[in-house]
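Colleague: This is start.txt, which holds compact mmCIF, C-alpha atoms:
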```
# COMPACT_ATOMS: atom_id res chain seq x y z
CA MET A 37 52.33 92.49 116.83
CA VAL A 38 55.57 93.95 118.26
CA ILE A 39 55.98 93.32 121.97
CA ARG A 40 56.34 96.12 124.49
CA PRO A 41 60.06 95.95 125.32
CA ALA A 42 61.48 95.19 128.74
CA ALA A 43 64.76 96.56 127.31
CA VAL A 44 65.96 98.00 123.99
CA LEU A 45 69.29 97.16 122.34
CA LEU A 46 70.51 99.45 119.57
CA ASP A 47 73.25 99.37 116.97
CA PHE A 48 75.50 102.44 116.83
CA GLY A 49 76.30 103.24 113.18
CA GLY A 50 73.17 103.84 111.12
CA VAL A 51 70.85 103.71 114.15
CA LEU A 52 72.10 105.89 117.00
CA ALA A 53 74.44 107.97 114.86
CA ASP A 54 75.83 108.28 111.38
CA ALA A 55 78.40 110.25 109.43
CA PRO A 56 79.10 110.85 105.73
CA HIS A 57 81.50 108.29 104.27
CA ARG A 58 85.00 109.72 104.01
CA ALA A 59 87.72 107.59 102.44
CA GLU A 60 90.48 110.16 102.94
CA ARG A 61 91.77 110.79 106.47
CA PRO A 62 94.47 113.51 106.36
CA ASP A 63 94.49 113.76 110.16
CA LEU A 64 95.35 110.09 110.55
CA VAL A 65 97.84 110.22 107.68
CA LEU A 66 99.74 113.02 109.42
CA ARG A 67 99.74 111.13 112.72
CA LEU A 68 101.15 108.04 111.02
CA TYR A 69 103.68 110.05 109.01
CA ASN A 70 105.06 111.58 112.20
CA LEU A 71 104.95 108.27 114.06
CA ILE A 72 107.12 106.51 111.47
CA ASP A 73 109.43 109.54 111.02
CA GLY A 74 108.50 110.00 107.37
CA ALA A 75 109.56 106.49 106.33
CA LEU A 76 106.70 106.51 103.79
CA ALA A 77 105.26 109.38 101.77
CA PRO A 78 101.87 110.71 102.88
CA GLY A 79 100.31 109.50 99.63
CA ARG A 80 101.51 105.95 100.27
CA ILE A 81 100.14 106.04 103.81
CA GLN A 82 96.80 107.35 102.56
CA GLN A 83 96.55 104.58 99.98
CA SER A 84 97.37 101.96 102.59
CA LEU A 85 94.51 103.25 104.73
CA ILE A 86 92.07 103.31 101.81
CA ASP A 87 93.04 99.82 100.64
CA GLY A 88 93.11 98.54 104.21
CA ALA A 89 89.64 99.88 104.97
CA ALA A 90 88.27 98.21 101.84
CA ALA A 91 89.93 94.89 102.67
CA TYR A 92 88.73 95.05 106.28
CA ALA A 93 85.18 95.75 105.03
CA ARG A 94 85.32 92.68 102.77
CA TRP A 95 86.53 90.57 105.68
CA ARG A 96 83.73 91.89 107.91
CA ASP A 97 81.16 90.77 105.35
CA GLU A 98 82.31 87.15 105.43
CA ASP A 99 80.15 86.38 108.49
CA TRP A 100 83.09 85.25 110.61
CA PRO A 101 82.17 84.98 114.29
CA ASP A 102 85.37 86.32 115.89
CA GLU A 103 86.55 89.92 115.91
CA LEU A 104 90.16 90.74 115.13
CA SER A 105 92.32 92.53 117.67
CA HIS A 106 93.47 96.08 116.95
CA LEU A 107 96.95 94.75 116.22
CA ALA A 108 95.64 92.08 113.84
CA VAL A 109 93.62 94.65 111.86
CA TRP A 110 96.64 96.89 111.33
CA GLU A 111 99.04 94.03 110.55
CA ARG A 112 96.68 92.24 108.20
CA PHE A 113 95.14 95.15 106.30
CA VAL A 114 97.38 98.23 106.54
CA ILE A 115 101.06 97.81 107.42
CA HIS A 116 101.83 94.32 106.07
CA ASP A 117 104.06 95.72 103.30
CA TRP A 118 105.57 98.67 105.21
CA PRO A 119 109.28 98.81 106.21
CA PRO A 120 110.01 96.79 109.39
CA LEU A 121 110.82 99.82 111.56
CA ALA A 122 107.63 101.61 110.48
CA GLN A 123 105.62 98.47 111.29
CA ALA A 124 107.21 98.28 114.73
CA ARG A 125 106.30 101.88 115.56
CA VAL A 126 102.69 101.34 114.48
CA ARG A 127 102.44 98.16 116.56
CA GLY A 128 103.32 100.15 119.66
CA SER A 129 100.42 102.56 119.09
CA VAL A 130 97.64 100.40 117.62
CA THR A 131 95.05 101.14 120.32
CA ARG A 132 95.26 104.90 119.92
CA LEU A 133 95.50 104.61 116.13
CA SER A 134 92.41 102.40 116.07
CA TYR A 135 90.53 105.02 118.07
CA ASP A 136 91.57 107.72 115.60
CA TRP A 137 90.63 105.54 112.62
CA ALA A 138 87.21 104.73 114.08
CA TRP A 139 86.36 108.30 115.11
CA ARG A 140 84.32 110.44 112.70
CA GLU A 141 84.19 114.21 113.07
CA GLY A 142 80.90 114.15 111.15
CA TRP A 143 79.05 111.86 113.53
CA ALA A 144 75.58 113.11 114.44
CA LEU A 145 72.69 111.51 116.26
CA ARG A 146 69.99 110.31 113.89
CA PRO A 147 66.65 112.18 113.97
CA GLY A 148 64.44 111.31 116.90
CA ILE A 149 67.09 109.32 118.74
CA PRO A 150 67.44 111.71 121.74
CA GLU A 151 63.66 111.79 122.08
CA PHE A 152 63.40 108.01 121.94
CA LEU A 153 66.16 107.49 124.49
CA ARG A 154 64.54 109.98 126.85
CA SER A 155 61.16 108.29 126.44
CA CYS A 156 62.68 104.92 127.35
CA ALA A 157 64.36 106.44 130.40
CA ASP A 158 61.09 108.02 131.50
CA ARG A 159 59.32 104.65 131.16
CA GLY A 160 62.03 102.76 133.04
CA ILE A 161 63.08 100.75 129.95
CA PRO A 162 66.84 100.00 130.13
CA LEU A 163 68.98 100.57 127.04
CA ALA A 164 72.12 98.99 125.62
CA VAL A 165 74.41 99.54 122.63
CA VAL A 166 75.41 96.45 120.62
CA SER A 167 77.78 97.40 117.82
CA ASN A 168 80.49 96.02 115.56
CA THR A 169 83.40 98.45 115.49
CA LEU A 170 87.15 98.74 115.26
CA CYS A 171 87.19 100.75 118.50
CA GLY A 172 84.27 100.90 120.89
CA ALA A 173 85.96 103.59 122.97
CA ALA A 174 85.43 106.06 120.12
CA HIS A 175 81.72 105.29 119.98
CA ARG A 176 81.40 105.48 123.75
CA ASP A 177 83.11 108.88 123.85
CA PHE A 178 80.88 110.23 121.07
CA LEU A 179 77.70 109.21 122.88
CA THR A 180 78.97 110.91 126.02
CA SER A 181 79.88 114.09 124.12
CA ALA A 182 76.45 114.06 122.43
CA GLY A 183 74.80 114.03 125.85
CA VAL A 184 73.17 110.60 125.58
CA GLY A 185 75.78 108.25 127.03
CA GLU A 186 74.10 108.30 130.43
CA PHE A 187 71.01 106.61 128.99
CA PHE A 188 72.82 103.32 128.38
CA ALA A 189 73.14 100.75 131.15
CA THR A 190 75.73 98.84 129.11
CA GLN A 191 77.58 99.20 125.81
CA ILE A 192 78.81 96.07 124.01
CA TYR A 193 81.38 96.57 121.23
CA SER A 194 82.91 93.85 119.10
CA ASP A 195 86.54 94.86 119.66
CA GLU A 196 85.99 94.48 123.39
CA ALA A 197 83.75 91.39 123.23
CA GLY A 198 85.97 89.49 120.78
CA VAL A 199 83.02 88.51 118.56
CA ARG A 200 81.01 90.27 115.85
CA LYS A 201 77.37 90.36 114.88
CA PRO A 202 75.68 88.24 113.60
CA ASN A 203 77.21 86.12 116.35
CA PRO A 204 74.36 86.16 118.93
CA GLN A 205 76.85 86.34 121.80
CA MET A 206 76.92 90.11 121.24
CA ILE A 207 73.23 90.36 122.14
CA TRP A 208 73.49 87.84 124.97
CA ASN A 209 76.32 89.86 126.54
CA ALA A 210 73.97 92.85 126.62
CA THR A 211 70.91 91.01 127.93
CA ASP A 212 73.02 89.29 130.60
CA ALA A 213 74.31 92.68 131.73
CA LEU A 214 70.76 94.07 131.82
CA GLY A 215 69.32 91.00 133.53
CA VAL A 216 66.56 90.71 130.90
CA ALA A 217 65.66 87.72 128.74
CA PRO A 218 66.33 88.24 124.99
CA ALA A 219 62.71 87.30 124.23
CA ALA A 220 61.57 90.36 126.19
CA CYS A 221 63.77 92.82 124.25
CA TRP A 222 63.84 94.87 121.08
CA PHE A 223 66.96 94.92 118.96
CA VAL A 224 67.28 97.80 116.47
CA GLY A 225 69.79 97.64 113.62
CA ASP A 226 70.33 98.94 110.10
CA SER A 227 71.38 95.66 108.43
CA ARG A 228 69.35 92.55 107.67
CA ARG A 229 72.43 90.36 107.20
CA ARG A 230 74.15 91.41 110.42
CA ASP A 231 71.66 92.97 112.85
CA ILE A 232 68.38 91.25 112.03
CA ALA A 233 70.16 87.92 111.49
CA CYS A 234 71.89 88.37 114.85
CA ALA A 235 68.57 89.12 116.54
CA ARG A 236 67.01 85.97 115.08
CA ARG A 237 69.96 83.83 116.22
CA ALA A 238 69.66 85.30 119.72
CA ASP A 239 65.88 84.67 119.89
CA ILE A 240 65.20 88.35 120.47
CA GLY A 241 61.60 89.41 121.09
CA ALA A 242 61.39 91.95 118.26
CA ALA A 243 63.92 92.64 115.50
CA ILE A 244 63.51 96.16 114.14
CA LEU A 245 65.19 97.48 111.01
CA MET A 246 66.15 101.14 110.63
CA PRO A 247 67.62 101.36 107.09
CA SER A 248 70.54 103.74 106.78
CA GLY A 249 71.36 103.54 103.08
CA ARG A 250 74.47 101.45 103.67
CA GLU A 251 75.22 98.43 101.48
CA ASP A 252 73.25 95.47 102.84
CA SER A 253 73.45 92.69 100.26
CA GLY A 254 74.48 89.07 100.65
CA GLY A 255 74.54 86.95 103.77
CA ASP A 256 71.44 85.95 105.70
CA GLN A 257 68.77 88.44 104.60
CA ALA A 258 66.61 87.94 107.70
CA GLU A 259 63.26 89.69 107.81
CA PRO A 260 62.51 92.19 110.59
CA ASP A 261 59.34 92.41 112.67
CA ALA A 262 59.06 96.11 111.86
CA VAL A 263 60.79 98.78 109.77
CA VAL A 264 61.19 102.39 110.94
CA ALA A 265 62.83 105.40 109.34
CA ASP A 266 64.40 106.94 112.45
CA GLY A 267 64.04 107.47 116.19
CA PHE A 268 60.65 109.07 115.73
CA GLY A 269 59.53 105.84 114.09
CA LEU A 270 60.74 103.95 117.17
CA LEU A 271 58.74 106.30 119.36
CA ALA A 272 55.60 105.64 117.32
CA LEU A 273 56.20 101.90 117.45
```
Could you show the structure in this file as structure tokens?
Modeller:
Amino acid sequence: MVIRPAAVLLDFGGVLADAPHRAERPDLVLRLYNLIDGALAPGRIQQSLIDGAAAYARWRDEDWPDELSHLAVWERFVIHDWPPLAQARVRGSVTRLSYDWAWREGWALRPGIPEFLRSCADRGIPLAVVSNTLCGAAHRDFLTSAGVGEFFATQIYSDEAGVRKPNPQMIWNATDALGVAPAACWFVGDSRRRDIACARRADIGAAILMPSGREDSGGDQAEPDAVVADGFGLLAL
């Protein structure tokens, strides 16, 4: 039996919103090319971004508890073999570049999510976002532009919190901000090894899986209390 929630915590990617995977980022390549005054060819910059994204993804899957800073991500995964002057210019702009790298033009709210958020608001159930991301500001701005940002009492992002799911501190930051015990909450995520495992470590009241089709192998394959297809499934639950 799934408890009636005193609050609901939701992941961003795969739960609140999603976008088609896009390895190539010509907009970001052009920004970097101009920033470093053409010190590297666009093709080289593009390959650095593709390789860096893949390496960063592998690192994220190692279940390390601490998030890397924006600067550390760029230095470790993207610009480590660039000319010194090009590296220096990137270092001076890592926050904005991280925003641009995290942003997806194709983001769209998943089906039923606006309806679910509105239903929670009407019932007086507070909401929070708990998400791993390179740049939480990009996620926050998308939710505002999509007209649902106002529903969230707090938004907890790994680059701002300094830790990543499945570290339970992510959830505890949200429940502390809401003033609600974890055992009284739902947590909704799209990954068993990150989200559901995080919910179990945080002693959350109900861990709910909303599969998104993303790779979800390895790690702690924790079992959810319920599985739903989308926001309409959350409404029914």
Colleague: Have a look at A:Ala43, A:Cys156, A:Leu170, A:Ala265 and name the one nearest to Ala89 in chain A; count all atoms listed in the file.
Modeller: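 For Ala89 in chain A, the nearest of the given residues is A:Leu170.
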Colleague: Within 10 Å of (82.0, 94.0, 116.8) (file coordinates; all atoms listed in the file), which protein or nucleic acid residues are there? I'd like them as a list in words.
Modeller: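 The residues near that point, listed by chain and number, are Arg96, Pro101, Asp102, Glu103, Leu104, Val166, Ser167, Asn168, Thr169, Leu170, Cys171, Gly172, Ile192, Tyr193, Ser194, Asp195, Glu196, Ala197, Gly198, Val199, Arg200, Lys201, Pro202, Asn203 and Met206 of chain A.
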Colleague: Mind giving me the straight-line distance from CA of Arg228 in chain A to CA of Arg159 in chain A in Å, one decimal?
Modeller: 28.3 Å
Colleague: Of the residues A:Gly148, A:Val264, A:Asp73, A:Leu68, which is the one nearest to Val114 in chain A, using all atoms listed in the file?
Modeller: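 Closest residue, counting all atoms listed in the file: A:Leu68.
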Colleague: Would you compute the distance between CA of Trp110 in chain A and CA of Arg125 in chain A? Give it in Å to one decimal.
Modeller: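 Here the two named atoms are 11.7 Å from each other.
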Colleague: Compile the contact shell of Gly142 in chain A as a PyMOL selection string: residues with an atom at most 10 Å away, counting all atoms listed in the file, same-chain residues fewer than 6 positions apart removed.
Modeller: chain A and resi 53-58
Colleague: Can you work out which one of A:Arg127, A:Leu52, A:Gly249, A:Ala243 has the shortest atom-to-atom distance to Ala182 in chain A, counting only C-alpha atoms?
Modeller: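 Ranked by minimum distance to Ala182 in chain A, first place goes to A:Leu52.
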Colleague: For Ala90 in chain A, please output as a list in words all residues within 12 Å (counting all atoms listed in the file; exclusion window: fewer than 6 positions along the same chain).
Modeller: Ala59, Gln83, Ser84, Arg96, Asp97, Val109, Phe113 and Val114 of chain A
Colleague: Just the number, please: distance in Å from CA of Ala217 in chain A to CA of Ala233 in chain A, one decimal.
Modeller: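 Pair CA of Ala217 in chain A / CA of Ala233 in chain A returns 17.8 Å.
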Colleague: Within 12 Å of Leu245 in chain A, counting only C-alpha atoms, which residues qualify if same-chain residues fewer than 2 places away don't, as a PyMOL selection string?
Modeller: chain A and resi 46-47+50-51+222-235+242-243+247-249+252+257-267+269-270+273
Colleague: Keeping only C-alpha atoms, write those residues as a PDB file, in the frame of the given file.
Modeller:
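Ended up saving to again32.pdb:
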```pdb
ATOM      1  CA  LEU A  46      70.510  99.450 119.570  1.00  0.00           C
ATOM      2  CA  ASP A  47      73.250  99.370 116.970  1.00  0.00           C
ATOM      3  CA  GLY A  50      73.170 103.840 111.120  1.00  0.00           C
ATOM      4  CA  VAL A  51      70.850 103.710 114.150  1.00  0.00           C
ATOM      5  CA  TRP A 222      63.840  94.870 121.080  1.00  0.00           C
ATOM      6  CA  PHE A 223      66.960  94.920 118.960  1.00  0.00           C
ATOM      7  CA  VAL A 224      67.280  97.800 116.470  1.00  0.00           C
ATOM      8  CA  GLY A 225      69.790  97.640 113.620  1.00  0.00           C
ATOM      9  CA  ASP A 226      70.330  98.940 110.100  1.00  0.00           C
ATOM     10  CA  SER A 227      71.380  95.660 108.430  1.00  0.00           C
ATOM     11  CA  ARG A 228      69.350  92.550 107.670  1.00  0.00           C
ATOM     12  CA  ARG A 229      72.430  90.360 107.200  1.00  0.00           C
ATOM     13  CA  ARG A 230      74.150  91.410 110.420  1.00  0.00           C
ATOM     14  CA  ASP A 231      71.660  92.970 112.850  1.00  0.00           C
ATOM     15  CA  ILE A 232      68.380  91.250 112.030  1.00  0.00           C
ATOM     16  CA  ALA A 233      70.160  87.920 111.490  1.00  0.00           C
ATOM     17  CA  CYS A 234      71.890  88.370 114.850  1.00  0.00           C
ATOM     18  CA  ALA A 235      68.570  89.120 116.540  1.00  0.00           C
ATOM     19  CA  ALA A 242      61.390  91.950 118.260  1.00  0.00           C
ATOM     20  CA  ALA A 243      63.920  92.640 115.500  1.00  0.00           C
ATOM     21  CA  PRO A 247      67.620 101.360 107.090  1.00  0.00           C
ATOM     22  CA  SER A 248      70.540 103.740 106.780  1.00  0.00           C
ATOM     23  CA  GLY A 249      71.360 103.540 103.080  1.00  0.00           C
ATOM     24  CA  ASP A 252      73.250  95.470 102.840  1.00  0.00           C
ATOM     25  CA  GLN A 257      68.770  88.440 104.600  1.00  0.00           C
ATOM     26  CA  ALA A 258      66.610  87.940 107.700  1.00  0.00           C
ATOM     27  CA  GLU A 259      63.260  89.690 107.810  1.00  0.00           C
ATOM     28  CA  PRO A 260      62.510  92.190 110.590  1.00  0.00           C
ATOM     29  CA  ASP A 261      59.340  92.410 112.670  1.00  0.00           C
ATOM     30  CA  ALA A 262      59.060  96.110 111.860  1.00  0.00           C
ATOM     31  CA  VAL A 263      60.790  98.780 109.770  1.00  0.00           C
ATOM     32  CA  VAL A 264      61.190 102.390 110.940  1.00  0.00           C
ATOM     33  CA  ALA A 265      62.830 105.400 109.340  1.00  0.00           C
ATOM     34  CA  ASP A 266      64.400 106.940 112.450  1.00  0.00           C
ATOM     35  CA  GLY A 267      64.040 107.470 116.190  1.00  0.00           C
ATOM     36  CA  GLY A 269      59.530 105.840 114.090  1.00  0.00           C
ATOM     37  CA  LEU A 270      60.740 103.950 117.170  1.00  0.00           C
ATOM     38  CA  LEU A 273      56.200 101.900 117.450  1.00  0.00           C
TER      39      LEU A 273
END
```
Colleague: May I ask which of the residues A:Leu179, A:Leu85, A:Ala77, A:Ile207 is the closest one to Ile149 in chain A, counting all atoms listed in the file?
Modeller: A:Leu179
Colleague: Go through A:Asp87, A:Glu60, A:Asp158, A:Glu111 one by one, measure the shortest atom-to-atom distance of each to Val130 in chain A using only C-alpha atoms, and give the residue with the smallest value.
Modeller: A:Glu111
Colleague: Pick out the residues sitting within 7 Å of range 120-123 of chain A, and hand them over as a VMD selection string; count all atoms listed in the file, and ignore anything fewer than 4 positions along from it in its own chain.
Modeller: chain A and resid 72 75 115 127
Colleague: Of the residues A:Trp208, A:Leu271, A:Arg250, A:Gln191, which is the one nearest to Ala238 in chain A, using only C-alpha atoms?
Modeller: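 Distance minimum relative to Ala238 in chain A lands on A:Trp208.
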